[in-house]
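Quick notes on the structure that follows.
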Amino acid sequence: MSTDRRVGRRIANVTAIVAALVAAFPLYWMVLSALKPDDEINSAHPRPWTWAPTLENFRHALGVSGFGRYFLNSLLVATVVVVLSAGIAFLAAVALTRFNFRFRTTILVMFLVAQMVPIEALTIPLFFLVRDMGEVAPQVGLSTLGSLMLVHLAFSLPFAIWMLRGFVAAVPDSLEEAARLDGASRFTILWRILFPLVAPGLAATSVFSFITAWNDFVFAKTFIIGNEDNQTLPSALLVFFKPDENDWGGIMAASTLMTLPVLVFFILVQRHLVSGLGGAVKD
């Protein structure tokens with residue numbers, strides 16, 4: 001290996017380490033603040049360590065009325081969005097890649113346009129849309145978890161379909177043709193051939209869908225307006241914000257607890273994230 005290549009690799013490694021440390025520092029500070037006692041959190045001279053860690057902030061966060069119910073509501077919404085978006089996006093990506101039909105390009109462009117519109121600009125129109133839909137289908141009306149599932153599903157699908165389309169297109173047509181010659185049905189080809197090879201893309205889109213639905217605050221605060229039992233976990237953070245003084249220990253502890261399911265989900269799917277189609281697909 002030449003000297004220039006070694007220097008370039010070292011620079012790239014150092015840059016990657018610095019970027020990782022910068023990205024991880026807010027998480028470190030969040031966990032550290034959750035473990036600090038109140039006097040250290042409110043100190044005028046904060047330190048990046050503590051000699052007196054405590055779990056009192058976590059006990060305070062878990063003691064919030066309805067915290068467990070909020071947790072289950074967020075988990076239900078995120079799980080339903082992940083499962084439905086993965087299934088629908090996979091079938092839609094196959095249709096847009098393997099079949100020719102009118103307006104296919106138009107549909108793909110619409111998916112891109114949908115990603116360009118900021119969520120804040122659609123919050124009020126969606127509020128009235130969900131309100132009117134609730135008169136026909138109460139399960140997806142205001143103050144229901146179904147409304148959050150429906151909205152997050154609509155926002156997750158364009159990104160998921162566009163991303164999975166590239167994974168489906170990378171699978172050679174010869175694999176499907178060989179399976180059809182062997183008598184495999186369309187369902188068998190989808191489930192036994194395409195689905196395993198598109199699994200890395202499904203994992204990536206699932207992480208995106210889970211994080212978006214799990215961390216949502218705007219839609220949850222806008223749509224859930226009359227039913228405390230259907231509030232989601234981000235709403236529980238409002239308990240720690242007070243007019244006179246915020247409970248930063250409780251905020252950081254609750255935020256840490258909110259981060260754990262995302263980390264667990266990422267660990268469960270990371271094997272598929274790091275595995276690519278190279279070597280798995282052979283023409």
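Going by the structure tokens order, chains are called A, B, ..., each with residues numbered from 1, while ligands are numbered from 1 in the order shown.
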
Residues of range 22-105 of chain A at most 9 Å from range 167-172 of chain A: nearest atom pair and distance in Å, only C-alpha atoms, as JSON lines:
{"residue": "A:Phe90", "atom": "CA", "partner": "A:Val168", "partner_atom": "CA", "distance": 8.6}
{"residue": "A:Ala93", "atom": "CA", "partner": "A:Val168", "partner_atom": "CA", "distance": 6.9}
{"residue": "A:Val94", "atom": "CA", "partner": "A:Val168", "partner_atom": "CA", "distance": 6.4}
{"residue": "A:Thr97", "atom": "CA", "partner": "A:Ala169", "partner_atom": "CA", "distance": 6.2}
{"residue": "A:Arg98", "atom": "CA", "partner": "A:Ala169", "partner_atom": "CA", "distance": 7.9}

Item to complete: Please identify all polymer residues within 7 Å of range 252-262 of chain A, counting only C-alpha atoms, omitting same-chain residues fewer than 4 positions from it, and present them as a VMD selection string.
Response: chain A and resid 30 to 31 33 to 34 57 to 58 61 211 237 248 266

Restrict the selected residues to N, CA, C and O atoms and save them as a short mmCIF file (atom, residue, chain, number, x, y, z; two decimals), in the first residue's frame.
data_model
loop_
_atom_site.label_atom_id
_atom_site.label_comp_id
_atom_site.auth_asym_id
_atom_site.auth_seq_id
_atom_site.Cartn_x
_atom_site.Cartn_y
_atom_site.Cartn_z
N MET A 30 -27.24 13.33 27.62
CA MET A 30 -28.59 13.01 28.05
C MET A 30 -28.57 11.95 29.16
O MET A 30 -29.21 12.12 30.20
N VAL A 31 -27.82 10.87 28.94
CA VAL A 31 -27.74 9.82 29.96
C VAL A 31 -27.05 10.33 31.21
O VAL A 31 -27.47 10.03 32.34
N SER A 33 -26.96 13.43 32.36
CA SER A 33 -27.88 14.31 33.07
C SER A 33 -28.97 13.53 33.78
O SER A 33 -29.44 13.93 34.85
N ALA A 34 -29.38 12.41 33.19
CA ALA A 34 -30.39 11.58 33.84
C ALA A 34 -29.86 10.93 35.11
O ALA A 34 -30.64 10.63 36.03
N ASN A 57 -34.01 10.26 39.24
CA ASN A 57 -34.68 10.85 38.09
C ASN A 57 -35.47 9.80 37.31
O ASN A 57 -36.57 10.08 36.81
N PHE A 58 -34.94 8.59 37.22
CA PHE A 58 -35.66 7.52 36.53
C PHE A 58 -36.90 7.10 37.33
O PHE A 58 -37.95 6.83 36.75
N ALA A 61 -39.47 9.71 36.69
CA ALA A 61 -40.06 9.59 35.35
C ALA A 61 -41.05 8.43 35.28
O ALA A 61 -42.15 8.55 34.72
N ILE A 211 -38.62 5.09 13.99
CA ILE A 211 -38.14 6.31 14.65
C ILE A 211 -39.12 7.45 14.44
O ILE A 211 -39.42 8.21 15.37
N LEU A 237 -43.45 13.94 28.33
CA LEU A 237 -42.38 14.89 28.64
C LEU A 237 -42.92 16.25 29.08
O LEU A 237 -42.23 17.00 29.78
N TRP A 248 -35.21 19.20 34.64
CA TRP A 248 -34.33 18.67 33.60
C TRP A 248 -33.90 17.24 33.90
O TRP A 248 -33.65 16.46 32.98
N PHE A 266 -33.08 -1.21 16.67
CA PHE A 266 -31.95 -1.13 15.77
C PHE A 266 -31.05 -2.35 15.91
O PHE A 266 -30.55 -2.89 14.91
#

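Residues in contact with range 183-189 of chain A at 12 Å, where only C-alpha atoms are counted and same-chain residues fewer than 2 positions away are skipped, are listed as Leu91, Val94, Ala95, Arg98, Val171, Asp173, Ser174, Leu175, Glu176, Glu177, Ala178, Ala179, Arg180, Leu181, Trp191, Arg192, Ile193, Leu194, Phe195, Pro196 and Leu197 of chain A.
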
**Prompt:** Ala203 in chain A: which residues within 12 Å, counting only C-alpha atoms, same-chain residues fewer than 3 positions away excluded, as a ChimeraX atom specification?
**Reply:** /A:82-83,85-87,90,160,163-164,167,195-200,206-210,265-276

Written file, previous selection with N, CA and C atoms, as a short mmCIF file (atom, residue, chain, number, x, y, z; two decimals), in the first residue's frame:
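File written: again11.cif
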data_model
loop_
_atom_site.label_atom_id
_atom_site.label_comp_id
_atom_site.auth_asym_id
_atom_site.auth_seq_id
_atom_site.Cartn_x
_atom_site.Cartn_y
_atom_site.Cartn_z
N VAL A 82 -44.70 0.21 11.27
CA VAL A 82 -43.57 -0.52 10.70
C VAL A 82 -44.05 -1.72 9.88
N VAL A 83 -44.95 -2.51 10.44
CA VAL A 83 -45.41 -3.72 9.76
C VAL A 83 -46.17 -3.37 8.48
N SER A 85 -46.21 -0.48 6.73
CA SER A 85 -45.41 0.24 5.74
C SER A 85 -44.44 -0.71 5.04
N ALA A 86 -43.87 -1.66 5.78
CA ALA A 86 -42.95 -2.62 5.16
C ALA A 86 -43.69 -3.50 4.15
N GLY A 87 -44.85 -4.01 4.54
CA GLY A 87 -45.60 -4.88 3.63
C GLY A 87 -46.11 -4.15 2.40
N PHE A 90 -43.18 -2.95 0.11
CA PHE A 90 -42.56 -4.05 -0.62
C PHE A 90 -43.39 -4.42 -1.85
N ALA A 160 -40.22 4.69 1.83
CA ALA A 160 -40.00 3.25 1.82
C ALA A 160 -40.13 2.67 0.42
N MET A 163 -37.11 3.71 -1.78
CA MET A 163 -35.88 3.02 -1.40
C MET A 163 -35.93 1.54 -1.78
N LEU A 164 -37.05 0.89 -1.52
CA LEU A 164 -37.16 -0.54 -1.84
C LEU A 164 -37.15 -0.79 -3.34
N PHE A 167 -33.75 -1.77 -4.36
CA PHE A 167 -33.37 -3.12 -3.97
C PHE A 167 -34.03 -4.16 -4.86
N PHE A 195 -38.35 -11.45 -1.24
CA PHE A 195 -38.39 -10.94 0.14
C PHE A 195 -37.05 -11.11 0.86
N PRO A 196 -36.41 -12.29 0.84
CA PRO A 196 -35.11 -12.40 1.54
C PRO A 196 -34.03 -11.49 0.96
N LEU A 197 -34.05 -11.28 -0.36
CA LEU A 197 -33.01 -10.46 -0.98
C LEU A 197 -33.25 -8.97 -0.75
N VAL A 198 -34.47 -8.59 -0.47
CA VAL A 198 -34.80 -7.18 -0.23
C VAL A 198 -34.79 -6.88 1.27
N ALA A 199 -34.50 -7.88 2.10
CA ALA A 199 -34.52 -7.70 3.55
C ALA A 199 -33.66 -6.54 4.05
N PRO A 200 -32.44 -6.30 3.49
CA PRO A 200 -31.69 -5.12 3.96
C PRO A 200 -32.43 -3.81 3.76
N SER A 206 -37.69 0.15 7.84
CA SER A 206 -38.37 -0.11 9.10
C SER A 206 -37.80 0.76 10.22
N VAL A 207 -36.49 0.93 10.23
CA VAL A 207 -35.87 1.80 11.24
C VAL A 207 -36.37 3.23 11.07
N PHE A 208 -36.42 3.69 9.83
CA PHE A 208 -36.92 5.05 9.57
C PHE A 208 -38.37 5.19 10.03
N SER A 209 -39.21 4.22 9.69
CA SER A 209 -40.63 4.30 10.06
C SER A 209 -40.80 4.23 11.57
N PHE A 210 -40.03 3.37 12.23
CA PHE A 210 -40.15 3.23 13.68
C PHE A 210 -39.75 4.51 14.39
N PHE A 265 -34.65 -1.91 18.88
CA PHE A 265 -35.13 -2.21 17.54
C PHE A 265 -33.98 -2.18 16.53
N PHE A 266 -33.08 -1.21 16.67
CA PHE A 266 -31.95 -1.13 15.77
C PHE A 266 -31.05 -2.35 15.91
N ILE A 267 -30.83 -2.80 17.14
CA ILE A 267 -29.99 -3.98 17.36
C ILE A 267 -30.61 -5.21 16.72
N LEU A 268 -31.94 -5.30 16.78
CA LEU A 268 -32.62 -6.47 16.21
C LEU A 268 -32.49 -6.53 14.69
N VAL A 269 -32.43 -5.37 14.04
CA VAL A 269 -32.40 -5.37 12.58
C VAL A 269 -31.03 -5.01 12.01
N GLN A 270 -30.04 -4.74 12.88
CA GLN A 270 -28.76 -4.28 12.36
C GLN A 270 -28.06 -5.33 11.51
N ARG A 271 -28.33 -6.61 11.75
CA ARG A 271 -27.70 -7.65 10.93
C ARG A 271 -28.14 -7.52 9.47
N HIS A 272 -29.39 -7.15 9.26
CA HIS A 272 -29.87 -6.96 7.89
C HIS A 272 -29.41 -5.63 7.32
N LEU A 273 -29.19 -4.65 8.18
CA LEU A 273 -28.73 -3.36 7.69
C LEU A 273 -27.33 -3.45 7.11
N VAL A 274 -26.47 -4.21 7.77
CA VAL A 274 -25.07 -4.28 7.32
C VAL A 274 -24.87 -5.30 6.21
N SER A 275 -25.85 -6.15 5.99
CA SER A 275 -25.73 -7.15 4.92
C SER A 275 -26.26 -6.56 3.63
N GLY A 276 -25.53 -6.71 2.57
CA GLY A 276 -25.96 -6.16 1.29
C GLY A 276 -26.37 -7.25 0.34
#

note - CA of Leu27 in chain A and CA of Asp247 in chain A are separated by 18.1 Å

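Interatomic distance, CA of Ala204 in chain A against CA of Val81 in chain A: 14.0 Å.
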
Q: Return the single residue from A:Ala114, A:Val140, A:Ala52, A:Val130 that is closest to Phe155 in chain A, with distances computed using only C-alpha atoms.
A: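 Smallest separation from Phe155 in chain A among the options: A:Ala114.
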
For range 183-275 of chain A versus range 142-146 of chain A, which residues have an atom no more than 10 Å away, and what is each residue's nearest atom pair and distance in Å rounded to one decimal, using only C-alpha atoms, chain-then-number order, as a Markdown table?
| residue | atom | partner | partner_atom | distance |
| --- | --- | --- | --- | --- |
| A:Ala220 | CA | A:Leu145 | CA | 8.7 |
| A:Lys221 | CA | A:Ser143 | CA | 9.6 |
| A:Thr222 | CA | A:Leu142 | CA | 8.8 |
| A:Phe223 | CA | A:Leu142 | CA | 5.3 |
| A:Ile224 | CA | A:Ser143 | CA | 3.9 |
| A:Ile225 | CA | A:Ser143 | CA | 5.6 |
| A:Gly226 | CA | A:Ser143 | CA | 5.9 |
| A:Asn227 | CA | A:Ser143 | CA | 5.7 |
| A:Glu228 | CA | A:Ser143 | CA | 8.6 |
| A:Asp229 | CA | A:Ser143 | CA | 9.2 |
| A:Asn230 | CA | A:Leu145 | CA | 6.3 |
| A:Gln231 | CA | A:Leu145 | CA | 8.3 |
| A:Thr232 | CA | A:Leu145 | CA | 8.8 |

Next, the residues of the selection above should be written as an mmCIF file, in the first residue's frame with all heavy atoms.
data_model
loop_
_atom_site.group_PDB
_atom_site.id
_atom_site.type_symbol
_atom_site.label_atom_id
_atom_site.label_comp_id
_atom_site.auth_asym_id
_atom_site.auth_seq_id
_atom_site.Cartn_x
_atom_site.Cartn_y
_atom_site.Cartn_z
ATOM 1 N N ALA A 220 -49.249 13.777 17.476
ATOM 2 C CA ALA A 220 -49.863 13.276 18.704
ATOM 3 C C ALA A 220 -50.514 14.402 19.492
ATOM 4 O O ALA A 220 -51.615 14.239 20.048
ATOM 5 C CB ALA A 220 -48.818 12.560 19.564
ATOM 6 N N LYS A 221 -49.857 15.549 19.540
ATOM 7 C CA LYS A 221 -50.409 16.687 20.275
ATOM 8 C C LYS A 221 -51.575 17.320 19.530
ATOM 9 O O LYS A 221 -52.473 17.901 20.142
ATOM 10 C CB LYS A 221 -49.306 17.724 20.515
ATOM 11 C CG LYS A 221 -49.669 18.786 21.536
ATOM 12 C CD LYS A 221 -49.916 18.168 22.898
ATOM 13 C CE LYS A 221 -50.263 19.215 23.934
ATOM 14 N NZ LYS A 221 -50.610 18.606 25.238
ATOM 15 N N THR A 222 -51.574 17.205 18.187
ATOM 16 C CA THR A 222 -52.623 17.833 17.389
ATOM 17 C C THR A 222 -53.880 16.980 17.312
ATOM 18 O O THR A 222 -55.003 17.497 17.417
ATOM 19 C CB THR A 222 -52.106 18.111 15.965
ATOM 20 O OG1 THR A 222 -50.926 18.919 16.036
ATOM 21 C CG2 THR A 222 -53.149 18.831 15.135
ATOM 22 N N PHE A 223 -53.721 15.672 17.134
ATOM 23 C CA PHE A 223 -54.868 14.798 16.898
ATOM 24 C C PHE A 223 -55.477 14.258 18.187
ATOM 25 O O PHE A 223 -56.675 14.032 18.261
ATOM 26 C CB PHE A 223 -54.469 13.622 15.997
ATOM 27 C CG PHE A 223 -54.035 14.046 14.626
ATOM 28 C CD1 PHE A 223 -53.244 13.220 13.862
ATOM 29 C CD2 PHE A 223 -54.406 15.271 14.099
ATOM 30 C CE1 PHE A 223 -52.835 13.610 12.592
ATOM 31 C CE2 PHE A 223 -54.007 15.671 12.835
ATOM 32 C CZ PHE A 223 -53.223 14.830 12.079
ATOM 33 N N ILE A 224 -54.658 13.997 19.194
ATOM 34 C CA ILE A 224 -55.177 13.444 20.458
ATOM 35 C C ILE A 224 -55.521 14.631 21.356
ATOM 36 O O ILE A 224 -54.670 15.142 22.086
ATOM 37 C CB ILE A 224 -54.141 12.518 21.127
ATOM 38 C CG1 ILE A 224 -53.609 11.505 20.124
ATOM 39 C CG2 ILE A 224 -54.765 11.822 22.322
ATOM 40 C CD1 ILE A 224 -54.659 10.590 19.536
ATOM 41 N N ILE A 225 -56.755 15.075 21.295
ATOM 42 C CA ILE A 225 -57.136 16.311 21.973
ATOM 43 C C ILE A 225 -58.161 16.098 23.083
ATOM 44 O O ILE A 225 -58.416 17.002 23.859
ATOM 45 C CB ILE A 225 -57.700 17.336 20.968
ATOM 46 C CG1 ILE A 225 -58.880 16.725 20.198
ATOM 47 C CG2 ILE A 225 -56.612 17.795 20.016
ATOM 48 C CD1 ILE A 225 -59.526 17.687 19.232
ATOM 49 N N GLY A 226 -58.769 14.927 23.176
ATOM 50 C CA GLY A 226 -59.803 14.775 24.191
ATOM 51 C C GLY A 226 -59.757 13.461 24.924
ATOM 52 O O GLY A 226 -60.700 13.125 25.638
ATOM 53 N N ASN A 227 -58.662 12.719 24.748
ATOM 54 C CA ASN A 227 -58.592 11.395 25.367
ATOM 55 C C ASN A 227 -57.186 11.180 25.917
ATOM 56 O O ASN A 227 -56.258 10.853 25.180
ATOM 57 C CB ASN A 227 -58.946 10.314 24.347
ATOM 58 C CG ASN A 227 -59.158 8.956 24.996
ATOM 59 O OD1 ASN A 227 -58.806 8.742 26.151
ATOM 60 N ND2 ASN A 227 -59.747 8.032 24.254
ATOM 61 N N GLU A 228 -57.028 11.366 27.210
ATOM 62 C CA GLU A 228 -55.721 11.207 27.844
ATOM 63 C C GLU A 228 -55.200 9.782 27.713
ATOM 64 O O GLU A 228 -53.990 9.552 27.663
ATOM 65 C CB GLU A 228 -55.800 11.596 29.315
ATOM 66 C CG GLU A 228 -55.883 13.093 29.566
ATOM 67 C CD GLU A 228 -54.572 13.789 29.255
ATOM 68 O OE1 GLU A 228 -53.512 13.137 29.338
ATOM 69 O OE2 GLU A 228 -54.604 14.988 28.927
ATOM 70 N N ASP A 229 -56.091 8.803 27.665
ATOM 71 C CA ASP A 229 -55.663 7.403 27.597
ATOM 72 C C ASP A 229 -54.952 7.082 26.291
ATOM 73 O O ASP A 229 -54.234 6.082 26.210
ATOM 74 C CB ASP A 229 -56.873 6.475 27.761
ATOM 75 C CG ASP A 229 -57.455 6.535 29.158
ATOM 76 O OD1 ASP A 229 -56.723 6.956 30.077
ATOM 77 O OD2 ASP A 229 -58.643 6.176 29.334
ATOM 78 N N ASN A 230 -55.158 7.886 25.261
ATOM 79 C CA ASN A 230 -54.542 7.623 23.963
ATOM 80 C C ASN A 230 -53.338 8.522 23.687
ATOM 81 O O ASN A 230 -52.861 8.568 22.551
ATOM 82 C CB ASN A 230 -55.573 7.806 22.840
ATOM 83 C CG ASN A 230 -56.561 6.659 22.780
ATOM 84 O OD1 ASN A 230 -56.299 5.570 23.286
ATOM 85 N ND2 ASN A 230 -57.717 6.898 22.181
ATOM 86 N N GLN A 231 -52.846 9.214 24.699
ATOM 87 C CA GLN A 231 -51.632 10.001 24.524
ATOM 88 C C GLN A 231 -50.436 9.073 24.327
ATOM 89 O O GLN A 231 -50.423 7.940 24.803
ATOM 90 C CB GLN A 231 -51.391 10.901 25.736
ATOM 91 C CG GLN A 231 -52.359 12.053 25.852
ATOM 92 C CD GLN A 231 -52.078 13.158 24.841
ATOM 93 O OE1 GLN A 231 -51.106 13.080 24.092
ATOM 94 N NE2 GLN A 231 -52.923 14.167 24.829
ATOM 95 N N THR A 232 -49.420 9.559 23.622
ATOM 96 C CA THR A 232 -48.212 8.775 23.386
ATOM 97 C C THR A 232 -47.085 9.269 24.289
ATOM 98 O O THR A 232 -47.216 10.278 24.988
ATOM 99 C CB THR A 232 -47.787 8.868 21.917
ATOM 100 O OG1 THR A 232 -47.681 10.245 21.541
ATOM 101 C CG2 THR A 232 -48.819 8.186 21.020
#

From the list A:Pro234, A:Met149, A:Trp162, A:Gly250, which residue is nearest Ala78 in chain A when using only C-alpha atoms?
->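 Smallest distance to Ala78 in chain A is found for A:Met149.
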
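Atom pair CA of Ser65 in chain A / CA of Lys242 in chain A has a distance of 16.1 Å (rounded to one decimal).
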
Problem set entry | DSSP-assigned alpha helix (DSSP H) members of range 13-260 of chain A, reported as a VMD selection string | chain A and resid 13 to 35 38 to 41 56 to 62 67 to 98 104 to 116 119 to 136 145 to 169 173 to 181 186 to 188 195 to 214 218 to 223 233 to 236 248 to 260
